[in-house]
$ cat entry.cif   # mmCIF, C-alpha atoms
data_start
#
loop_
_atom_site.label_atom_id
_atom_site.label_comp_id
_atom_site.auth_asym_id
_atom_site.auth_seq_id
_atom_site.Cartn_x
_atom_site.Cartn_y
_atom_site.Cartn_z
CA MET A 146 75.13 124.01 156.14
CA ASN A 147 77.75 123.13 158.75
CA VAL A 148 80.88 121.03 158.19
CA ALA A 149 79.44 117.96 159.94
CA THR A 150 76.44 117.93 157.63
CA ARG A 151 78.67 118.24 154.57
CA ILE A 152 80.77 115.31 155.74
CA GLU A 153 77.68 113.24 156.48
CA ARG A 154 76.24 113.85 152.99
CA THR A 155 79.61 113.04 151.40
CA ILE A 156 79.84 109.74 153.28
CA LYS A 157 76.29 108.73 152.32
CA VAL A 158 76.90 109.42 148.62
CA GLY A 159 80.30 107.69 148.65
CA TYR A 160 79.01 104.63 150.48
CA THR A 161 76.02 104.16 148.16
CA ALA A 162 78.21 104.66 145.09
CA ALA A 163 80.69 102.04 146.35
CA VAL A 164 77.92 99.52 147.08
CA VAL A 165 76.34 100.05 143.66
CA TRP A 166 79.68 99.77 141.84
CA GLY A 167 80.64 96.64 143.76
CA SER A 168 77.29 94.96 143.18
CA TYR A 169 77.91 95.11 139.43
CA LYS A 170 81.71 94.95 139.18
CA ILE A 171 82.51 92.03 141.48
CA PRO A 172 80.11 89.53 139.82
CA SER A 173 81.22 90.82 136.40
CA VAL A 174 84.90 90.14 137.16
CA ALA A 175 84.02 86.72 138.61
CA ARG A 176 82.16 85.73 135.43
CA LYS A 177 85.00 86.98 133.25
CA LEU A 178 87.60 84.96 135.20
CA SER A 179 85.45 81.84 134.90
CA GLY A 180 85.12 82.31 131.15
CA ARG A 181 81.38 82.95 131.22
CA PRO A 182 79.82 85.72 129.09
CA PRO A 183 78.55 88.95 130.72
CA ARG A 184 74.97 88.91 131.97
CA THR A 185 72.33 90.47 129.73
CA ASP A 186 70.04 93.29 130.89
CA ALA A 187 67.27 90.71 131.29
CA GLU A 188 69.46 88.62 133.58
CA LEU A 189 70.44 91.76 135.51
CA SER A 190 66.84 92.91 135.96
CA ALA A 191 66.63 92.06 139.68
CA ARG A 192 69.98 93.76 140.35
CA HIS A 193 68.89 96.85 138.39
CA ALA A 194 65.72 97.05 140.51
CA LEU A 195 67.65 96.68 143.78
CA THR A 196 70.13 99.37 142.70
CA ALA A 197 67.33 101.73 141.74
CA ARG A 198 65.70 101.22 145.16
CA ARG A 199 69.03 102.01 146.87
CA ILE A 200 69.42 105.21 144.89
CA LEU A 201 65.78 106.18 145.53
CA ALA A 202 66.20 105.62 149.28
CA LEU A 203 69.31 107.83 149.28
CA ALA A 204 67.45 110.56 147.40
CA LEU A 205 64.45 110.54 149.75
CA ASP A 206 66.81 110.69 152.73
CA MET A 207 68.98 113.53 151.40
CA ARG A 208 66.36 115.38 149.28
CA GLY A 209 67.54 118.42 147.32
CA VAL A 210 69.74 117.72 144.34
CA MET A 211 69.63 113.96 144.90
CA ILE A 212 65.93 114.00 144.07
CA LYS A 213 66.63 116.17 141.03
CA MET A 214 69.28 113.66 139.99
CA CYS A 215 66.76 110.80 140.22
CA GLN A 216 64.23 112.79 138.23
CA ALA A 217 66.88 113.49 135.59
CA LEU A 218 67.97 109.84 135.42
CA ALA A 219 64.32 108.84 135.04
CA THR A 220 64.19 110.89 131.82
CA ARG A 221 67.19 109.13 130.25
CA SER A 222 65.63 105.96 128.94
CA ASP A 223 68.30 105.95 126.25
CA ILE A 224 70.99 105.25 128.88
CA PHE A 225 69.50 103.55 131.92
CA PRO A 226 67.52 100.28 132.13
CA THR A 227 63.75 100.22 132.53
CA GLU A 228 63.99 99.24 136.21
CA PHE A 229 65.79 102.53 136.95
CA ILE A 230 63.16 104.55 135.10
CA ASP A 231 60.22 102.83 136.83
CA HIS A 232 61.63 103.29 140.35
CA LEU A 233 63.25 106.72 140.09
CA LYS A 234 60.27 108.45 138.50
CA GLN A 235 58.58 108.12 141.93
CA CYS A 236 60.64 111.13 143.01
CA HIS A 237 58.04 113.39 141.40
CA ASP A 238 55.59 112.75 144.23
CA ALA A 239 57.64 111.72 147.25
CA VAL A 240 58.86 114.95 148.87
CA PRO A 241 57.36 116.04 152.23
CA PRO A 242 56.89 119.81 152.77
CA LYS A 243 58.84 122.05 155.13
CA PRO A 244 57.10 123.39 158.30
CA PHE A 245 55.21 126.67 157.94
CA PRO A 246 57.50 128.74 160.26
CA VAL A 247 60.36 128.00 157.86
CA VAL A 248 58.19 129.10 154.94
CA ARG A 249 57.16 132.32 156.69
CA THR A 250 60.78 133.25 157.36
CA ILE A 251 61.73 132.81 153.70
CA VAL A 252 58.70 134.68 152.35
CA GLU A 253 59.24 137.67 154.64
CA ALA A 254 62.96 137.78 153.89
CA GLU A 255 62.30 137.78 150.15
CA LEU A 256 59.55 140.40 150.34
CA GLY A 257 61.46 142.56 152.81
CA LYS A 258 58.28 143.10 154.84
CA PRO A 259 55.85 141.19 157.08
CA MET A 260 53.73 138.57 155.32
CA ASP A 261 50.45 140.28 156.20
CA ALA A 262 51.60 143.44 154.43
CA VAL A 263 51.25 141.54 151.14
CA PHE A 264 48.87 138.65 151.89
CA SER A 265 45.49 138.90 153.56
CA GLU A 266 45.41 135.08 153.65
CA PHE A 267 48.15 132.45 153.46
CA ASP A 268 47.37 128.76 153.86
CA GLU A 269 49.88 127.11 156.21
CA THR A 270 49.38 123.71 154.54
CA ALA A 271 51.31 123.29 151.29
CA LEU A 272 49.37 122.55 148.10
CA ALA A 273 52.39 120.69 146.72
CA SER A 274 56.03 120.07 147.55
CA ALA A 275 58.96 119.13 145.32
CA SER A 276 62.74 118.81 145.44
CA LEU A 277 63.61 122.52 145.51
CA ALA A 278 60.44 124.28 146.65
CA GLN A 279 56.84 123.99 147.81
CA VAL A 280 53.63 125.81 146.88
CA HIS A 281 51.04 127.46 149.15
CA ARG A 282 47.64 129.00 148.48
CA GLY A 283 47.28 132.68 149.39
CA ARG A 284 45.32 135.87 148.79
CA LEU A 285 46.88 139.26 148.14
CA VAL A 286 45.64 142.27 150.08
CA ASP A 287 43.92 143.48 146.88
CA GLY A 288 41.86 140.25 146.81
CA ARG A 289 43.62 138.32 144.06
CA GLU A 290 43.98 134.59 144.82
CA VAL A 291 47.52 133.39 144.29
CA ALA A 292 49.79 130.36 144.37
CA VAL A 293 53.07 131.08 146.17
CA LYS A 294 56.13 128.99 145.33
CA VAL A 295 58.78 129.13 148.07
CA GLN A 296 62.34 127.85 147.66
CA TYR A 297 63.74 125.78 150.53
CA PRO A 298 66.36 127.36 152.84
CA ASP A 299 70.05 126.51 152.29
CA ILE A 300 69.13 124.64 149.11
CA GLU A 301 71.92 126.29 147.10
CA ASP A 302 74.55 125.21 149.65
CA ILE A 303 73.11 121.68 149.71
CA ILE A 304 73.16 121.53 145.92
CA ARG A 305 76.78 122.69 145.69
CA THR A 306 77.83 120.01 148.19
CA ASP A 307 75.90 117.22 146.50
CA LEU A 308 77.00 118.12 142.98
CA THR A 309 80.62 118.20 144.13
CA ASN A 310 80.17 114.74 145.64
CA MET A 311 78.59 113.39 142.46
CA ARG A 312 81.40 114.79 140.31
CA ARG A 313 83.94 113.04 142.55
CA VAL A 314 82.06 109.75 142.26
CA CYS A 315 81.87 110.08 138.47
CA ARG A 316 85.58 110.86 138.13
CA VAL A 317 86.55 107.90 140.30
CA TYR A 318 84.17 105.63 138.40
CA GLU A 319 85.52 106.69 135.00
CA LEU A 320 89.15 106.56 136.19
CA PHE A 321 89.04 103.01 137.57
CA ASP A 322 86.35 101.49 135.37
CA PRO A 323 86.15 103.17 131.95
CA GLN A 324 82.79 102.40 130.35
CA PRO A 325 80.77 103.58 127.34
CA LEU A 326 78.41 105.22 129.87
CA ALA A 327 79.91 108.65 130.57
CA LEU A 328 78.29 109.88 133.78
CA LEU A 329 80.11 113.18 134.15
CA PRO A 330 78.36 114.84 131.17
CA LEU A 331 75.02 113.90 132.77
CA VAL A 332 76.05 115.59 136.01
CA THR A 333 77.19 118.65 134.06
CA GLU A 334 73.83 118.79 132.28
CA LEU A 335 72.03 118.40 135.60
CA THR A 336 74.10 121.23 137.09
CA THR A 337 73.01 123.56 134.30
CA HIS A 338 69.33 122.65 134.64
CA ILE A 339 69.32 123.05 138.42
CA GLY A 340 70.99 126.43 138.08
CA TYR A 341 68.09 127.49 135.89
CA GLU A 342 65.48 126.12 138.29
CA LEU A 343 66.97 127.88 141.31
CA ASP A 344 66.18 131.27 139.79
CA PHE A 345 62.42 131.69 139.87
CA ARG A 346 62.73 134.78 137.71
CA ARG A 347 63.67 132.47 134.83
CA GLU A 348 60.61 130.32 135.51
CA ALA A 349 58.51 133.48 135.53
CA GLU A 350 60.05 134.52 132.21
CA PHE A 351 59.20 131.18 130.59
CA GLY A 352 55.69 131.25 132.01
CA GLY A 353 55.28 134.72 130.52
CA ARG A 354 56.53 133.54 127.13
CA VAL A 355 54.05 130.68 127.07
CA LEU A 356 51.25 132.99 128.28
CA THR A 357 52.01 135.33 125.37
CA LEU A 358 52.18 132.41 122.93
CA PHE A 359 48.63 131.32 123.82
CA GLU A 360 47.04 134.69 124.55
CA ASP A 361 44.96 134.31 121.36
CA ASP A 362 43.85 130.76 122.22
CA ASP A 363 40.65 130.47 124.26
CA ASN A 364 41.32 126.76 124.85
CA VAL A 365 44.46 127.35 126.95
CA LYS A 366 44.92 128.88 130.40
CA ILE A 367 48.42 129.83 131.60
CA PRO A 368 48.63 131.46 135.07
CA GLU A 369 49.86 135.05 135.16
CA VAL A 370 52.99 135.72 137.22
CA TYR A 371 52.98 138.79 139.47
CA ASP A 372 56.46 140.17 138.91
CA GLU A 373 56.24 142.74 141.69
CA PHE A 374 56.29 139.95 144.29
CA THR A 375 58.61 137.55 142.48
CA THR A 376 62.29 137.12 143.40
CA PRO A 377 64.89 134.42 142.66
CA ARG A 378 63.52 132.42 145.63
CA LEU A 379 59.85 133.43 145.65
CA LEU A 380 57.30 133.10 142.84
CA VAL A 381 53.80 134.55 143.19
CA MET A 382 51.32 133.75 140.44
CA GLU A 383 47.64 133.64 139.66
CA LEU A 384 45.90 130.72 141.36
CA VAL A 385 44.17 128.52 138.82
CA SER A 386 42.38 125.24 139.37
CA GLY A 387 40.74 122.56 137.33
CA ILE A 388 40.20 118.86 136.83
CA LYS A 389 43.28 116.65 136.87
CA ILE A 390 44.11 115.81 133.27
CA THR A 391 43.90 112.04 133.90
CA ASP A 392 40.57 112.11 135.77
CA LYS A 393 38.35 110.79 132.98
CA ASP A 394 35.23 110.45 135.14
CA ALA A 395 35.40 114.07 136.35
CA ILE A 396 36.07 115.30 132.82
CA GLU A 397 32.98 113.52 131.53
CA GLU A 398 30.89 114.70 134.51
CA ALA A 399 31.79 118.28 133.50
CA GLY A 400 30.26 117.58 130.09
CA LEU A 401 33.61 117.46 128.31
CA ASP A 402 34.68 114.90 125.72
CA PRO A 403 38.02 113.31 126.78
CA VAL A 404 38.98 112.96 123.10
CA ASP A 405 38.63 116.73 122.65
CA VAL A 406 40.68 117.32 125.81
CA VAL A 407 43.50 115.16 124.44
CA GLN A 408 43.38 116.93 121.10
CA ASP A 409 43.60 120.36 122.77
CA LEU A 410 46.44 119.16 125.00
CA MET A 411 48.36 117.91 121.97
CA HIS A 412 47.82 121.23 120.18
CA VAL A 413 49.44 122.99 123.15
CA TYR A 414 52.59 120.87 123.06
CA VAL A 415 52.85 120.70 119.28
CA ARG A 416 52.65 124.48 119.10
CA MET A 417 55.31 124.89 121.81
CA ILE A 418 57.73 122.28 120.48
CA LEU A 419 57.36 122.43 116.71
CA ALA A 420 56.34 126.05 116.19
CA ALA A 421 57.72 128.15 119.06
CA GLY A 422 60.85 126.12 119.86
CA PHE A 423 60.44 126.28 123.64
CA PHE A 424 58.21 124.25 125.92
CA GLN A 425 57.30 123.10 129.40
CA ALA A 426 59.21 119.83 129.59
CA ASP A 427 57.47 118.13 132.51
CA PRO A 428 53.92 117.18 131.45
CA HIS A 429 53.04 114.86 134.32
CA PRO A 430 49.45 114.86 135.65
CA GLY A 431 50.36 117.13 138.58
CA ASN A 432 51.14 119.95 136.14
CA LEU A 433 48.22 119.58 133.73
CA PHE A 434 44.54 120.29 134.36
CA VAL A 435 41.42 121.16 132.41
CA THR A 436 38.77 123.67 133.50
CA GLU A 437 35.07 122.84 133.46
CA GLU A 438 34.86 125.08 130.37
CA GLY A 439 37.44 122.87 128.62
CA LYS A 440 40.54 125.08 128.86
CA ILE A 441 43.88 123.29 129.19
CA ILE A 442 45.90 124.51 132.18
CA VAL A 443 49.69 124.15 132.12
CA LEU A 444 51.59 124.76 135.37
CA ASP A 445 55.21 124.78 136.56
CA PHE A 446 57.72 126.13 134.06
CA GLY A 447 60.75 125.36 136.21
CA LEU A 448 61.79 122.62 133.79
CA SER A 449 61.49 124.43 130.47
CA LYS A 450 63.61 123.94 127.40
CA VAL A 451 64.67 126.10 124.46
CA LEU A 452 65.22 123.96 121.39
CA PRO A 453 67.93 124.54 118.77
CA GLU A 454 66.93 126.40 115.64
CA GLY A 455 65.54 123.99 113.08
CA PHE A 456 64.74 121.27 115.62
CA GLY A 457 61.00 121.42 114.96
CA LEU A 458 61.50 121.02 111.22
CA GLY A 459 63.89 118.10 111.76
CA LEU A 460 61.42 116.39 114.09
CA PHE A 461 58.57 116.85 111.63
CA GLU A 462 60.71 115.39 108.82
CA LEU A 463 61.60 112.41 111.03
CA MET A 464 57.96 111.72 111.84
CA PHE A 465 56.85 112.03 108.23
CA SER A 466 59.70 109.81 107.02
CA LEU A 467 58.84 107.20 109.69
CA MET A 468 55.24 107.19 108.51
CA THR A 469 56.24 106.68 104.86
CA PHE A 470 59.47 104.84 105.75
CA ASN A 471 61.41 107.04 103.35
CA GLU A 472 64.93 105.98 104.30
CA THR A 473 66.72 108.87 102.61
CA ALA A 474 64.58 111.46 104.40
CA MET A 475 64.89 109.51 107.64
CA LEU A 476 68.68 109.57 107.60
CA ARG A 477 68.64 113.28 106.77
CA ALA A 478 66.30 113.95 109.70
CA PHE A 479 68.44 111.95 112.15
CA ASN A 480 71.47 114.00 111.10
CA GLU A 481 69.57 117.30 111.33
CA LEU A 482 68.47 116.40 114.86
CA GLY A 483 72.08 115.82 115.93
CA PHE A 484 72.40 112.00 115.95
CA ARG A 485 75.93 110.83 115.19
CA SER A 486 76.96 107.20 114.71
CA LYS A 487 80.03 105.81 116.45
CA THR A 488 81.36 104.22 113.25
CA GLY A 489 80.14 106.80 110.75
CA ASP A 490 77.66 104.28 109.33
CA ASP A 491 74.26 105.94 109.53
CA ASN A 492 72.47 102.71 108.59
CA THR A 493 72.37 101.92 112.30
CA PHE A 494 69.61 104.56 112.55
CA LEU A 495 67.49 102.63 110.05
CA LEU A 496 67.73 99.54 112.24
CA ILE A 497 66.77 101.61 115.29
CA ALA A 498 63.81 103.10 113.41
CA ARG A 499 62.61 99.66 112.33
CA ARG A 500 62.73 98.40 115.91
CA MET A 501 60.81 101.42 117.16
CA VAL A 502 58.10 101.23 114.51
CA SER A 503 57.72 97.48 115.09
CA ARG A 504 56.35 98.23 118.58
CA SER A 505 53.48 100.38 117.33
CA ASP A 506 50.01 98.85 117.44
CA SER A 507 49.75 98.63 113.65
CA GLY A 508 53.40 97.88 112.90
CA SER A 509 53.79 101.30 111.27
CA PHE A 510 54.21 104.85 112.56
CA GLU A 511 50.92 106.75 112.52
CA GLY A 512 51.91 109.92 114.36
CA GLU A 513 51.97 108.78 117.99
CA PHE A 514 55.11 108.23 120.06
CA THR A 515 53.72 105.59 122.41
CA GLU A 516 55.58 104.53 125.54
CA GLU A 517 56.27 101.15 123.93
CA MET A 518 57.79 102.79 120.85
CA THR A 519 59.99 105.21 122.77
CA ASN A 520 61.11 102.43 125.13
CA GLU A 521 62.04 100.32 122.11
CA LEU A 522 63.92 103.28 120.64
CA PHE A 523 65.98 103.71 123.80
CA ASP A 524 66.51 99.94 124.14
CA ALA A 525 67.86 99.89 120.58
CA ILE A 526 70.22 102.78 121.33
CA ARG A 527 71.54 100.99 124.42
CA ASP A 528 71.97 97.73 122.50
CA ASP A 529 73.83 99.43 119.64
CA PRO A 530 75.20 102.66 121.15
CA VAL A 531 75.68 105.68 118.93
CA ALA A 532 78.28 108.31 119.67
CA ASP A 533 75.92 111.20 120.24
CA VAL A 534 72.22 111.09 121.06
CA PRO A 535 70.96 114.68 121.36
CA SER A 536 69.49 115.29 124.81
CA ASP A 537 66.88 117.58 123.21
CA PHE A 538 65.49 114.64 121.26
CA VAL A 539 65.48 112.41 124.36
CA LEU A 540 63.53 115.03 126.29
CA VAL A 541 61.01 115.65 123.51
CA ALA A 542 60.50 111.90 122.95
CA ARG A 543 59.90 111.49 126.67
CA VAL A 544 57.36 114.36 126.63
CA PHE A 545 55.40 112.84 123.74
CA SER A 546 55.54 109.44 125.46
CA LEU A 547 54.08 110.96 128.66
CA LEU A 548 51.37 112.68 126.62
CA SER A 549 50.61 109.34 124.97
CA GLY A 550 50.15 107.77 128.40
CA ILE A 551 47.75 110.55 129.40
CA ALA A 552 45.83 110.13 126.15
CA HIS A 553 45.45 106.38 126.62
CA THR A 554 44.18 106.95 130.18
CA LEU A 555 41.45 109.11 128.62
CA GLY A 556 40.68 106.51 125.95
CA SER A 557 42.28 108.46 123.12
CA ARG A 558 45.55 108.75 121.19
CA ALA A 559 48.26 111.43 121.30
CA ASN A 560 48.73 111.80 117.55
CA VAL A 561 51.31 114.52 116.88
CA LEU A 562 50.67 114.75 113.13
CA ALA A 563 46.91 114.99 113.65
CA ALA A 564 47.42 117.79 116.16
CA MET A 565 49.57 119.64 113.64
CA SER A 566 46.90 119.39 110.96
CA GLY A 567 44.08 120.30 113.33
CA GLY A 568 42.47 116.89 112.96
#
$ encode --input "entry.cif" --output "C-alpha cells"
Amino acid sequence: MNVATRIERTIKVGYTAAVVWGSYKIPSVARKLSGRPPRTDAELSARHALTARRILALALDMRGVMIKMCQALATRSDIFPTEFIDHLKQCHDAVPPKPFPVVRTIVEAELGKPMDAVFSEFDETALASASLAQVHRGRLVDGREVAVKVQYPDIEDIIRTDLTNMRRVCRVYELFDPQPLALLPLVTELTTHIGYELDFRREAEFGGRVLTLFEDDDNVKIPEVYDEFTTPRLLVMELVSGIKITDKDAIEEAGLDPVDVVQDLMHVYVRMILAAGFFQADPHPGNLFVTEEGKIIVLDFGLSKVLPEGFGLGLFELMFSLMTFNETAMLRAFNELGFRSKTGDDNTFLLIARRMVSRSDSGSFEGEFTEEMTNELFDAIRDDPVADVPSDFVLVARVFSLLSGIAHTLGSRANVLAAMSGG
C-alpha cells in the first residue's frame, strides 16, 4: 500500500469518527446547558440508525478490517444499541470478490508453482467472498473436488493501517470525552482475532480438531483440510455441499424432518461448547448446511474460540439455575463465568436474570436462549452496567441466539438442555 492510500484511509476514518462524535456530543451538550435530561436510547433510535449506516458505508468502501470491525461490533449486543446490530450485521454478505487474475497470482505464489500443476480445474467465479478472503471451487489433479480459500493481496498492510487509525480514534475519544464505553479494549480484542484469522494454518488446525471431535458421529460432516496445499494465505479443503440450513422446503423435499435437523445442529454446538471447550463461533446460514442424508455440515473455522477451563460447567449451572430460579446457584454461576459487578453487589445479576427470563415465551427459562431473551439480557447490562462482562459469554450467548433464530425458521426450538440430554 502506498503512502497516498494510507493517508486517504486515515482521512476517511478520522472524518467519519468526527461526524459520529459530533452528532452525539453537540446535541448532548446543548441539552445539558438548557437543563434538559439526556435523551434515552429510544429517543436516540433514529440517530443510532443513521450512525450505523454511516459506519456501514465506510466499511463497504474501505473493506478489509473495517468490515471485520463491523462484524465484531454486531456481536456486542451488550454494548451497542439494537440499531447498530441490525445494520452492521449486513457485513456478512456484502463483500464483492476480487478479479480472477488477482486470485491466480496469489494461488501460484503460495503454491510456488503454476496453478495447473496442482489443479486440473479451477472455477474463475468465486463461490463466496468475505472481508479477508474469497472461496473458489476447484479439482486437484488427482480428481478430488476442493474448495480453495484465497486471502486478499496486501490485506495485512491494510489491516495494520486501519487498526492504527482506529486506535488513534479511540485514544482521542477517551481523552476528550471519557465514557463508560471503553472502545480501545474492543479494538485490542479485534486485533487479536484478526491476527488469528490471517493465518489459515490456524483455521486448518481448528477444522481438524472439530473433524476429530465428530469422527465417531455419522450425523456430522466436517470438510477435511489438505495440509500439503495449505499455507498462511491459502486453504485447500474437501468440497462439501448440502441444503442451506434455513431452507425448510428443500429440507422437507429431501425427506428430512426439520425438527430432527435442529436437534442434530444443537447437539453439534452443545458438544463443542459445553464438552470440548472450543467451537466455530459464526453459525450463520452461509456456514451451515445439511446433506440429503441428514448430516450437519459446518464450514469456516476462521472465527473459532477456545473457552476457559470450567466455562462449560459454569454455563450449565447458569442455565439450570435460571430454569429453577435458584438464586444462590445463579450468583455462583455468574461469578464462575467471570461477571463482576461495578459496586460489588452481585444482586444486580438477579435483576438482569429476571429481565431476561421475562422475555421468554412462557415467562420462565426452558433451555432456549431466544433472540428476545439475549437482547433483553444485553439491554439490561447496558441499562445497569457491570464492571466486567466476559466476552466469552457474550459470544456464546450470541451463538445460541443465532441457533434459536435458525430453529424458529425451521419451526422448531433450539433447546440447549434438551440437546444435552439427547431429547
$ closest_residue --input "entry.cif" --among "A:Thr161, A:Thr196, A:Thr250, A:Ser386" --to "Glu290 (chain A)" --atoms "only C-alpha atoms"
A:Ser386
$ atom_distance --input "entry.cif" --atom1 "CA of Glu253 (chain A)" --atom2 "CA of Pro298 (chain A)"
12.7 Å
$ resolve_selection --input "entry.cif" --expression "the PyMOL selection byres ((chain A and resi 388) around 7)" --output "PyMOL selection string"
chain A and resi 387+389-390+392+395-396+434-436
$ residues_near_point --input "entry.cif" --point "(69.9, 117.7, 155.9)" --cutoff "8 Å" --atoms "only C-alpha atoms" --output "MDAnalysis selection string"
chainID A and resid 150 154 207:208
$ closest_residue --input "entry.cif" --among "A:Met382, A:Ala292, A:Ala478, A:Met501" --to "Phe465 (chain A)" --atoms "only C-alpha atoms"
A:Ala478
$ atom_distance --input "entry.cif" --atom1 "CA of Tyr371 (chain A)" --atom2 "CA of Pro242 (chain A)"
23.5 Å
$ resolve_selection --input "entry.cif" --expression "the PyMOL selection byres ((chain A and resi 500) around 12)" --output "number ranges by chain"
A: 467, 493-499, 501-505, 508-510, 517-526, 528-529
$ write_last_selection --input "entry.cif" --atoms "C-alpha atoms" --output "tab-separated table (two decimals), in the frame of the given file"
chain	number	residue	atom	x	y	z
A	467	LEU	CA	58.84	107.20	109.69
A	493	THR	CA	72.37	101.92	112.30
A	494	PHE	CA	69.61	104.56	112.55
A	495	LEU	CA	67.49	102.63	110.05
A	496	LEU	CA	67.73	99.54	112.24
A	497	ILE	CA	66.77	101.61	115.29
A	498	ALA	CA	63.81	103.10	113.41
A	499	ARG	CA	62.61	99.66	112.33
A	501	MET	CA	60.81	101.42	117.16
A	502	VAL	CA	58.10	101.23	114.51
A	503	SER	CA	57.72	97.48	115.09
A	504	ARG	CA	56.35	98.23	118.58
A	505	SER	CA	53.48	100.38	117.33
A	508	GLY	CA	53.40	97.88	112.90
A	509	SER	CA	53.79	101.30	111.27
A	510	PHE	CA	54.21	104.85	112.56
A	517	GLU	CA	56.27	101.15	123.93
A	518	MET	CA	57.79	102.79	120.85
A	519	THR	CA	59.99	105.21	122.77
A	520	ASN	CA	61.11	102.43	125.13
A	521	GLU	CA	62.04	100.32	122.11
A	522	LEU	CA	63.92	103.28	120.64
A	523	PHE	CA	65.98	103.71	123.80
A	524	ASP	CA	66.51	99.94	124.14
A	525	ALA	CA	67.86	99.89	120.58
A	526	ILE	CA	70.22	102.78	121.33
A	528	ASP	CA	71.97	97.73	122.50
A	529	ASP	CA	73.83	99.43	119.64
$ closest_residue --input "entry.cif" --among "A:Arg312, A:Arg378, A:His429, A:Lys258" --to "Lys294 (chain A)" --atoms "only C-alpha atoms"
A:Arg378
$ closest_residue --input "entry.cif" --among "A:Thr270, A:Thr375, A:Ser449, A:Thr309" --to "Phe351 (chain A)" --atoms "all atoms listed in the file"
A:Ser449
$ closest_residue --input "entry.cif" --among "A:Leu205, A:Glu153, A:Val365, A:Phe225" --to "Asp186 (chain A)" --atoms "all atoms listed in the file"
A:Phe225
